[in-house]
>>> print(open('protein.txt').read())   # compact mmCIF, C-alpha atoms and all ligand atoms
# COMPACT_ATOMS: atom_id res chain seq x y z
CA MET A 1 -43.45 102.76 -165.22
CA ILE A 2 -40.88 103.00 -162.46
CA ASN A 3 -37.85 101.14 -163.74
CA LYS A 4 -36.70 98.68 -161.07
CA ASP A 5 -33.25 98.02 -162.53
CA ARG A 6 -32.59 101.69 -163.10
CA ILE A 7 -33.48 102.78 -159.56
CA LEU A 8 -31.53 99.89 -158.08
CA SER A 9 -28.44 100.75 -160.10
CA LEU A 10 -28.69 104.44 -159.12
CA PHE A 11 -29.17 103.47 -155.48
CA PHE A 12 -26.13 101.19 -155.55
CA ASP A 13 -24.02 103.94 -157.14
CA LEU A 14 -25.08 106.40 -154.46
CA VAL A 15 -24.48 104.20 -151.43
CA LYS A 16 -21.01 103.27 -152.70
CA ILE A 17 -19.92 106.91 -152.56
CA ASP A 18 -18.61 107.83 -149.10
CA SER A 19 -20.48 110.75 -147.58
CA PRO A 20 -20.21 111.17 -143.83
CA SER A 21 -21.69 114.42 -142.49
CA LEU A 22 -19.87 117.52 -143.75
CA LYS A 23 -18.00 115.41 -146.35
CA GLU A 24 -20.75 114.99 -148.94
CA LYS A 25 -18.82 116.54 -151.82
CA GLU A 26 -18.37 113.37 -153.88
CA VAL A 27 -22.09 112.63 -153.80
CA ALA A 28 -22.81 116.25 -154.65
CA VAL A 29 -20.47 116.07 -157.66
CA TYR A 30 -22.18 112.87 -158.84
CA LEU A 31 -25.68 114.35 -158.47
CA ARG A 32 -24.74 117.64 -160.10
CA LYS A 33 -23.40 115.74 -163.09
CA ILE A 34 -26.49 113.63 -163.66
CA MET A 35 -28.82 116.62 -163.22
CA GLU A 36 -26.79 118.95 -165.46
CA GLU A 37 -26.53 116.30 -168.16
CA ARG A 38 -30.30 116.56 -168.47
CA GLY A 39 -30.10 120.30 -168.74
CA TYR A 40 -31.33 121.19 -165.28
CA GLU A 41 -30.01 124.12 -163.33
CA VAL A 42 -28.09 123.06 -160.20
CA ARG A 43 -27.19 125.63 -157.56
CA GLU A 44 -25.04 125.14 -154.50
CA ASP A 45 -25.65 127.37 -151.49
CA ASN A 46 -23.25 128.48 -148.76
CA ALA A 47 -24.38 125.96 -146.13
CA GLY A 48 -21.06 124.10 -146.45
CA LYS A 49 -19.04 127.20 -145.73
CA ALA A 50 -21.34 128.13 -142.85
CA SER A 51 -21.06 124.73 -141.19
CA GLY A 52 -17.53 123.63 -142.05
CA GLY A 53 -18.49 121.14 -144.76
CA ASN A 54 -16.83 120.45 -148.11
CA THR A 55 -19.98 121.19 -150.13
CA GLY A 56 -23.18 123.16 -149.72
CA ASN A 57 -26.74 121.97 -150.26
CA LEU A 58 -27.63 121.34 -153.90
CA ILE A 59 -30.85 122.86 -155.20
CA VAL A 60 -32.00 121.57 -158.58
CA ARG A 61 -34.70 123.34 -160.58
CA ILE A 62 -36.77 121.33 -163.03
CA PRO A 63 -38.93 123.67 -165.13
CA ALA A 64 -42.67 123.11 -165.37
CA THR A 65 -44.06 121.17 -168.31
CA GLY A 66 -47.64 121.56 -167.07
CA GLY A 67 -49.74 123.48 -164.54
CA GLY A 68 -49.91 123.42 -160.77
CA GLU A 69 -48.10 124.94 -157.83
CA PRO A 70 -44.35 124.33 -157.59
CA ILE A 71 -43.30 121.47 -155.34
CA ALA A 72 -39.98 120.49 -153.77
CA PHE A 73 -38.54 117.14 -152.72
CA SER A 74 -35.74 116.90 -150.23
CA ALA A 75 -33.35 114.17 -149.14
CA HIS A 76 -30.05 114.42 -147.30
CA MET A 77 -26.73 113.36 -148.79
CA ASP A 78 -24.90 112.49 -145.58
CA CYS A 79 -24.93 109.17 -143.70
CA VAL A 80 -24.26 108.23 -140.08
CA GLN A 81 -21.06 106.35 -139.24
CA PRO A 82 -19.90 103.69 -139.87
CA CYS A 83 -20.50 104.58 -143.50
CA LEU A 84 -17.14 104.41 -145.27
CA GLY A 85 -16.73 101.82 -148.02
CA VAL A 86 -20.36 100.66 -148.11
CA GLU A 87 -20.76 97.42 -150.07
CA PRO A 88 -24.44 97.00 -150.96
CA VAL A 89 -25.61 93.40 -151.16
CA LEU A 90 -28.78 92.26 -152.92
CA ASP A 91 -30.34 89.39 -151.00
CA GLY A 92 -33.55 88.36 -152.74
CA ASP A 93 -35.79 91.43 -152.53
CA VAL A 94 -33.69 93.04 -149.81
CA VAL A 95 -30.75 95.41 -150.11
CA ARG A 96 -28.42 95.46 -147.12
CA SER A 97 -24.77 96.28 -146.47
CA ALA A 98 -22.05 93.64 -146.34
CA GLY A 99 -22.27 94.07 -142.58
CA ASN A 100 -19.44 96.37 -141.53
CA THR A 101 -21.24 99.62 -142.30
CA VAL A 102 -24.71 101.08 -142.43
CA LEU A 103 -26.36 100.75 -145.84
CA GLY A 104 -26.88 104.48 -146.30
CA GLY A 105 -30.44 104.02 -147.53
CA ASP A 106 -30.96 106.80 -144.99
CA ASP A 107 -31.14 108.86 -147.01
CA LYS A 108 -29.81 107.82 -150.41
CA ALA A 109 -32.96 105.80 -150.99
CA GLY A 110 -34.81 109.15 -150.85
CA ILE A 111 -32.45 110.67 -153.41
CA ALA A 112 -32.82 107.65 -155.73
CA MET A 113 -36.65 107.76 -155.47
CA ALA A 114 -36.82 111.45 -156.38
CA ILE A 115 -34.59 110.98 -159.42
CA GLU A 116 -36.30 107.78 -160.61
CA ALA A 117 -39.71 109.47 -160.25
CA LEU A 118 -38.48 112.25 -162.50
CA ASN A 119 -37.06 109.68 -164.97
CA HIS A 120 -40.50 108.11 -165.17
CA LEU A 121 -42.20 111.44 -165.88
CA GLU A 122 -39.62 112.26 -168.55
CA ASP A 123 -39.88 108.81 -170.18
CA GLU A 124 -43.61 109.18 -170.63
CA SER A 125 -43.70 112.95 -171.17
CA ILE A 126 -46.07 113.39 -168.24
CA PRO A 127 -46.70 117.08 -167.49
CA HIS A 128 -45.71 118.41 -164.08
CA PRO A 129 -45.43 121.76 -162.30
CA GLU A 130 -42.08 123.30 -161.48
CA ILE A 131 -40.13 120.85 -159.33
CA TYR A 132 -37.21 121.47 -157.01
CA PHE A 133 -34.85 118.91 -155.53
CA VAL A 134 -33.01 119.81 -152.36
CA PHE A 135 -30.09 117.50 -151.64
CA SER A 136 -29.06 118.65 -148.20
CA ILE A 137 -25.88 118.23 -146.18
CA CYS A 138 -25.28 117.30 -142.56
CA GLU A 139 -28.79 116.23 -141.54
CA GLU A 140 -27.45 113.51 -139.28
CA SER A 141 -25.24 115.79 -137.27
CA GLY A 142 -27.32 118.81 -136.35
CA MET A 143 -29.26 119.47 -139.57
CA HIS A 144 -26.79 122.17 -140.53
CA GLY A 145 -27.71 121.95 -144.20
CA ALA A 146 -31.36 122.75 -143.56
CA LYS A 147 -30.48 125.36 -140.95
CA ASN A 148 -28.21 127.17 -143.41
CA LEU A 149 -30.31 126.59 -146.53
CA ASN A 150 -30.45 129.58 -148.85
CA THR A 151 -34.23 129.75 -149.13
CA ASP A 152 -34.01 132.32 -151.94
CA LEU A 153 -33.06 129.38 -154.19
CA LEU A 154 -36.24 127.51 -153.24
CA PRO A 155 -39.41 129.35 -154.31
CA ALA A 156 -41.68 126.29 -153.76
CA LYS A 157 -43.71 126.45 -150.53
CA ASP A 158 -44.69 122.77 -150.45
CA ILE A 159 -41.83 120.44 -149.66
CA VAL A 160 -41.85 116.66 -149.32
CA ILE A 161 -39.00 115.24 -147.26
CA LEU A 162 -38.09 111.68 -148.25
CA ASP A 163 -36.53 110.65 -144.99
CA SER A 164 -38.48 108.45 -142.60
CA SER A 165 -38.90 104.81 -141.81
CA GLY A 166 -42.36 103.35 -142.36
CA GLU A 167 -43.83 101.82 -145.49
CA VAL A 168 -45.10 103.71 -148.51
CA GLY A 169 -48.12 105.76 -147.45
CA THR A 170 -46.61 106.74 -144.08
CA LEU A 171 -47.02 110.51 -143.66
CA VAL A 172 -45.26 112.13 -140.72
CA VAL A 173 -47.60 114.88 -139.59
CA ALA A 174 -46.04 115.75 -136.23
CA ALA A 175 -42.50 115.85 -134.89
CA PRO A 176 -41.34 117.12 -131.52
CA ALA A 177 -39.49 120.24 -130.58
CA LYS A 178 -36.21 119.49 -128.86
CA ALA A 179 -34.31 121.33 -126.17
CA GLY A 180 -30.63 120.73 -125.41
CA ILE A 181 -30.01 121.22 -121.68
CA LYS A 182 -26.91 121.86 -119.57
CA MET A 183 -27.00 121.84 -115.77
CA ILE A 184 -23.93 123.06 -113.93
CA PHE A 185 -23.72 122.43 -110.18
CA THR A 186 -21.20 124.29 -108.06
CA GLY A 187 -20.26 123.17 -104.55
CA ARG A 188 -17.26 124.01 -102.43
CA SER A 189 -14.03 122.02 -102.37
CA ALA A 190 -12.50 120.85 -99.12
CA HIS A 191 -10.19 118.06 -97.98
CA ALA A 192 -12.40 115.02 -97.79
CA GLY A 193 -10.55 113.53 -94.81
CA ILE A 194 -9.51 116.57 -92.76
CA ALA A 195 -12.40 119.02 -93.19
CA PRO A 196 -15.26 117.51 -95.18
CA GLU A 197 -17.79 119.58 -93.20
CA GLU A 198 -16.37 122.69 -94.90
CA GLY A 199 -17.18 121.28 -98.33
CA ILE A 200 -20.33 121.06 -100.43
CA SER A 201 -20.29 118.19 -102.90
CA ALA A 202 -21.39 119.21 -106.38
CA ILE A 203 -21.86 115.51 -107.16
CA GLN A 204 -24.32 115.22 -104.28
CA ILE A 205 -26.23 118.28 -105.51
CA ALA A 206 -26.44 116.70 -108.96
CA ALA A 207 -27.53 113.37 -107.52
CA GLU A 208 -30.21 115.04 -105.41
CA ALA A 209 -31.48 116.96 -108.45
CA VAL A 210 -31.58 113.87 -110.66
CA ALA A 211 -33.31 111.80 -107.99
CA GLY A 212 -36.23 114.25 -108.10
CA MET A 213 -36.57 114.34 -111.87
CA THR A 214 -39.23 112.62 -113.92
CA LEU A 215 -37.36 111.39 -117.00
CA LEU A 216 -37.50 109.18 -120.12
CA ARG A 217 -41.15 108.71 -121.25
CA ILE A 218 -43.05 111.59 -119.68
CA ASP A 219 -46.29 111.14 -121.64
CA ALA A 220 -47.34 110.14 -125.14
CA GLU A 221 -45.95 113.40 -126.54
CA THR A 222 -43.00 114.15 -124.28
CA THR A 223 -39.63 112.58 -123.47
CA ALA A 224 -36.53 113.59 -121.50
CA ASN A 225 -33.12 111.99 -121.08
CA LEU A 226 -29.83 112.64 -119.30
CA GLY A 227 -26.98 112.19 -121.75
CA HIS A 228 -23.76 112.77 -119.88
CA ILE A 229 -22.53 113.43 -116.38
CA ASP A 230 -19.17 114.82 -115.51
CA GLY A 231 -17.74 116.16 -112.28
CA GLY A 232 -15.27 116.04 -109.45
CA THR A 233 -11.60 115.17 -109.57
CA VAL A 234 -10.13 112.81 -106.97
CA THR A 235 -11.59 111.00 -103.97
CA ASN A 236 -9.89 113.09 -101.30
CA ILE A 237 -11.39 116.36 -102.51
CA VAL A 238 -15.04 117.24 -102.07
CA ALA A 239 -16.21 117.82 -105.66
CA GLU A 240 -16.50 121.48 -106.50
CA SER A 241 -18.23 121.13 -109.84
CA ALA A 242 -20.46 118.74 -111.73
CA THR A 243 -22.13 119.08 -115.12
CA LEU A 244 -25.05 117.21 -116.57
CA THR A 245 -26.20 117.39 -120.16
CA ALA A 246 -29.71 116.34 -121.14
CA GLU A 247 -32.42 116.74 -123.71
CA ALA A 248 -36.18 117.06 -123.64
CA ARG A 249 -38.61 116.71 -126.54
CA SER A 250 -42.31 117.24 -126.98
CA LEU A 251 -44.85 117.46 -129.75
CA ASP A 252 -46.41 120.19 -127.62
CA ASP A 253 -44.40 123.34 -126.98
CA GLY A 254 -46.22 123.94 -123.67
CA LYS A 255 -45.38 120.46 -122.41
CA LEU A 256 -41.74 120.93 -123.37
CA GLN A 257 -41.69 124.15 -121.38
CA ALA A 258 -43.29 122.40 -118.40
CA GLN A 259 -40.66 119.63 -118.49
CA LEU A 260 -37.85 122.21 -118.60
CA GLU A 261 -39.39 124.03 -115.62
CA HIS A 262 -39.72 120.75 -113.74
CA MET A 263 -36.05 119.86 -114.31
CA GLU A 264 -34.92 123.30 -113.25
CA ALA A 265 -37.13 123.15 -110.12
CA CYS A 266 -35.37 119.88 -109.17
CA CYS A 267 -32.01 121.65 -109.44
CA ALA A 268 -33.26 124.48 -107.23
CA ALA A 269 -34.67 122.04 -104.66
CA ALA A 270 -31.35 120.15 -104.58
CA VAL A 271 -29.44 123.35 -103.89
CA ASP A 272 -31.93 124.23 -101.13
CA LYS A 273 -31.26 120.89 -99.52
CA VAL A 274 -27.53 120.35 -100.09
CA GLY A 275 -26.26 123.93 -100.54
CA GLY A 276 -24.11 125.26 -103.33
CA ASP A 277 -25.41 126.71 -106.56
CA TYR A 278 -26.69 125.69 -109.98
CA LYS A 279 -27.02 127.04 -113.47
CA PHE A 280 -29.71 125.65 -115.76
CA GLU A 281 -29.25 126.49 -119.43
CA TYR A 282 -31.16 125.27 -122.45
CA GLU A 283 -31.50 125.93 -126.12
CA ILE A 284 -34.44 124.97 -128.31
CA SER A 285 -32.73 123.11 -131.16
CA TYR A 286 -35.78 123.11 -133.38
CA PRO A 287 -39.50 123.79 -133.15
CA ALA A 288 -42.29 121.21 -133.05
CA LEU A 289 -43.76 120.36 -136.44
CA HIS A 290 -47.52 120.10 -136.98
CA VAL A 291 -48.99 119.51 -140.39
CA ALA A 292 -52.48 121.02 -140.33
CA ASP A 293 -55.36 118.78 -141.44
CA ASP A 294 -56.26 121.25 -144.17
CA SER A 295 -52.72 121.90 -145.39
CA THR A 296 -52.18 121.89 -149.15
CA ILE A 297 -49.21 119.55 -148.93
CA LEU A 298 -51.21 116.92 -147.02
CA LYS A 299 -54.03 117.12 -149.57
CA ARG A 300 -51.59 116.81 -152.45
CA VAL A 301 -49.90 113.76 -151.00
CA GLU A 302 -53.08 112.00 -149.85
CA LEU A 303 -54.65 112.50 -153.25
CA ALA A 304 -51.56 110.99 -154.88
CA CYS A 305 -51.79 108.00 -152.48
CA GLU A 306 -55.42 107.43 -153.47
CA LYS A 307 -54.60 107.51 -157.17
CA ILE A 308 -52.12 104.65 -156.82
CA ASN A 309 -54.22 102.72 -154.28
CA VAL A 310 -51.95 103.32 -151.32
CA THR A 311 -53.66 103.89 -147.97
CA PRO A 312 -52.21 107.02 -146.38
CA ARG A 313 -51.37 106.72 -142.67
CA ARG A 314 -50.78 109.90 -140.68
CA VAL A 315 -48.29 109.29 -137.89
CA PRO A 316 -46.26 111.31 -135.39
CA THR A 317 -42.54 110.70 -134.93
CA GLY A 318 -40.24 111.10 -131.93
CA GLY A 319 -37.23 112.23 -133.93
CA GLY A 320 -36.26 115.53 -135.49
CA SER A 321 -35.17 115.98 -139.09
CA ASP A 322 -34.70 118.57 -141.81
CA ALA A 323 -38.51 118.78 -141.84
CA ASN A 324 -38.57 120.53 -138.44
CA ILE A 325 -36.08 123.12 -139.63
CA LEU A 326 -37.83 123.73 -142.96
CA TYR A 327 -41.19 123.96 -141.17
CA GLY A 328 -39.63 126.51 -138.82
CA LYS A 329 -38.55 128.50 -141.89
CA GLY A 330 -42.14 128.66 -143.12
CA PHE A 331 -42.31 125.80 -145.64
CA ASN A 332 -45.24 123.37 -145.76
CA ALA A 333 -43.10 120.36 -144.91
CA LEU A 334 -44.30 116.77 -144.92
CA THR A 335 -42.05 113.76 -144.40
CA LEU A 336 -42.77 110.44 -146.10
CA GLY A 337 -41.94 106.95 -144.90
CA ILE A 338 -39.69 105.45 -147.55
CA GLY A 339 -39.36 101.93 -146.21
CA MET A 340 -35.86 102.18 -144.84
CA SER A 341 -35.45 99.87 -141.86
CA LYS A 342 -33.06 99.47 -138.91
CA VAL A 343 -31.44 102.77 -139.85
CA HIS A 344 -28.35 103.90 -137.96
CA THR A 345 -27.27 100.28 -137.52
CA THR A 346 -25.15 97.92 -139.60
CA ASP A 347 -28.33 95.83 -140.06
CA GLU A 348 -29.96 98.62 -142.06
CA PHE A 349 -31.90 97.39 -145.10
CA ILE A 350 -34.52 98.39 -147.65
CA THR A 351 -36.59 96.26 -149.98
CA ILE A 352 -36.78 96.74 -153.74
CA ASP A 353 -40.56 97.01 -153.32
CA SER A 354 -40.07 100.00 -151.03
CA LEU A 355 -37.70 101.66 -153.49
CA THR A 356 -40.05 101.25 -156.44
CA GLY A 357 -43.30 101.75 -154.48
CA CYS A 358 -42.17 105.02 -152.94
CA ALA A 359 -40.73 106.22 -156.25
CA GLU A 360 -44.16 105.59 -157.78
CA LEU A 361 -45.80 107.68 -155.05
CA VAL A 362 -43.25 110.46 -155.52
CA ALA A 363 -43.96 110.46 -159.26
CA GLU A 364 -47.69 110.70 -158.57
CA ILE A 365 -47.13 113.66 -156.21
CA MET A 366 -45.03 115.32 -158.90
CA LYS A 367 -47.92 115.11 -161.37
CA SER A 368 -50.30 117.01 -159.10
ZN ZN B 401 -32.20 110.48 -142.57
>>> encode(input="protein.txt", output="structure tokens")
Amino acid sequence: MINKDRILSLFFDLVKIDSPSLKEKEVAVYLRKIMEERGYEVREDNAGKASGGNTGNLIVRIPATGGGEPIAFSAHMDCVQPCLGVEPVLDGDVVRSAGNTVLGGDDKAGIAMAIEALNHLEDESIPHPEIYFVFSICEESGMHGAKNLNTDLLPAKDIVILDSSGEVGTLVVAAPAKAGIKMIFTGRSAHAGIAPEEGISAIQIAAEAVAGMTLLRIDAETTANLGHIDGGTVTNIVAESATLTAEARSLDDGKLQAQLEHMEACCAAAVDKVGGDYKFEYEISYPALHVADDSTILKRVELACEKINVTPRRVPTGGGSDANILYGKGFNALTLGIGMSKVHTTDEFITIDSLTGCAELVAEIMKS
């Protein structure tokens, strides 16, 4: 049986340890200790050094006690701000923060579920294949842990990421690719009162470009958003330069490309109309994730759901996570809903039922 008091106590311990992105060391020390006390090998990779953090990712190896292909479970150690001095409060069946911080169930609930699932298997001597835990750093701020993961330490191909909202049984089978975009508009400065006709306003070029753009919800699979605009200096100078940053996401790589082309075409049309020049730069932050219908990881997890009478629900998500990065590195990555709610707000909460229910599913997946 999943032990409710034990998982709750572990979860409380974890959320009370401060761990903003790139400062996860104290959590890493805590996790290393409890894993090494049981005799498991804990390795730390160089992701911390590569990304400026105070610890790397932890990779724990739990030797097989039965047959089956190796399987990995991943959860990130960092939390979004405000996350310093979290005071977890138990309110009936609900765990929330005292109100000044996030709870940090994103993603310490995932860590607690993986460990409690293992506790359950150990308690009852239930055989399992080789298991790996990946406790990653800096997911919330650019997924630098996953990006810099030393994959040599992780021989399992199937990896379950315990890091999504949605109740137990939620399986995230698609996640969008994301492009970070920078548009730089260059006009010509001139005195705005004496010789404005000699100037070209970079702000007007930017405005013209933006006015032509289709943005926000493009279609069911695609989104785009302007994040920041910056330009010009003072009112009596025609603005020489303006910069816009934006992002675009799509579950479909072709649609993402089309949106990028559309946004660039709007910049070109604006320059045709107003004059001046533009630069359109983008970088694909991570690839789209698609879990194939016949993938082994999906079969493994859906079978485990059936065994504990949980109805699996395949869903897409609009956000990116470690799963996108791991998928891009060739792992069979599948993210599970773990019941965390209102994440990234001070109203974040999780129910005890979610903690124990998802831990039970994780344990069932481990047995496969
Ligand atoms: Zn998360």
>>> closest_atom_pairs(input="protein.txt", of="chain A", to="ligand ZN 401 (chain B)", cutoff="7 Å", atoms="only C-alpha atoms and all ligand atoms", output="JSON lines")
{"residue": "A:His76", "atom": "CA", "partner": "B:ZN401", "partner_atom": "ZN", "distance": 6.5}
{"residue": "A:Asp106", "atom": "CA", "partner": "B:ZN401", "partner_atom": "ZN", "distance": 4.6}
{"residue": "A:Asp107", "atom": "CA", "partner": "B:ZN401", "partner_atom": "ZN", "distance": 4.8}
{"residue": "A:Glu139", "atom": "CA", "partner": "B:ZN401", "partner_atom": "ZN", "distance": 6.8}
{"residue": "A:Glu140", "atom": "CA", "partner": "B:ZN401", "partner_atom": "ZN", "distance": 6.5}
{"residue": "A:Asp163", "atom": "CA", "partner": "B:ZN401", "partner_atom": "ZN", "distance": 5.0}
{"residue": "A:Ser164", "atom": "CA", "partner": "B:ZN401", "partner_atom": "ZN", "distance": 6.6}
>>> atom_distance(input="protein.txt", atom1="atom CA of A:Phe280", atom2="atom CA of A:Leu244")
9.7 Å
>>> residues_around(input="protein.txt", residues="stretch 224-230 of chain A", least_positions_apart="6", cutoff="12 Å", atoms="all atoms listed in the file", output="VMD selection string")
chain A and resid 176 to 185 202 to 203 206 to 207 209 to 211 213 to 218 239 to 250 255 to 260 262 to 263 318
>>> closest_residue(input="protein.txt", among="A:Gly330, A:Pro82, A:Gly56, A:Gly320", to="A:Val134", atoms="all atoms listed in the file")
A:Gly56
>>> axis_aligned_box(input="protein.txt", around="stretch 271-284 of chain A", padding_each_side="4 Å", output="AutoDock Vina command-line options")
--center_x -29.3 --center_y 123.7 --center_z -113.9 --size_x 18.3 --size_y 14.7 --size_z 36.8
>>> atom_distance(input="protein.txt", atom1="atom CA of A:Leu58", atom2="atom CA of A:Val89")
28.1 Å
>>> residues_near_point(input="protein.txt", point="(-36.2, 121.9, -162.7)", cutoff="8 Å", atoms="only C-alpha atoms", output="VMD selection string")
chain A and resid 40 to 41 60 to 64 130 to 133
>>> atom_distance(input="protein.txt", atom1="atom CA of A:Ile7", atom2="atom CA of A:Pro316")
28.6 Å
>>> closest_residue(input="protein.txt", among="A:Pro127, A:Asp78, A:Asp152, A:Leu103", to="A:Leu90", atoms="all atoms listed in the file")
A:Leu103
>>> closest_residue(input="protein.txt", among="A:Arg32, A:Arg43, A:Arg38, A:Lys307", to="A:Gly169", atoms="all atoms listed in the file")
A:Lys307
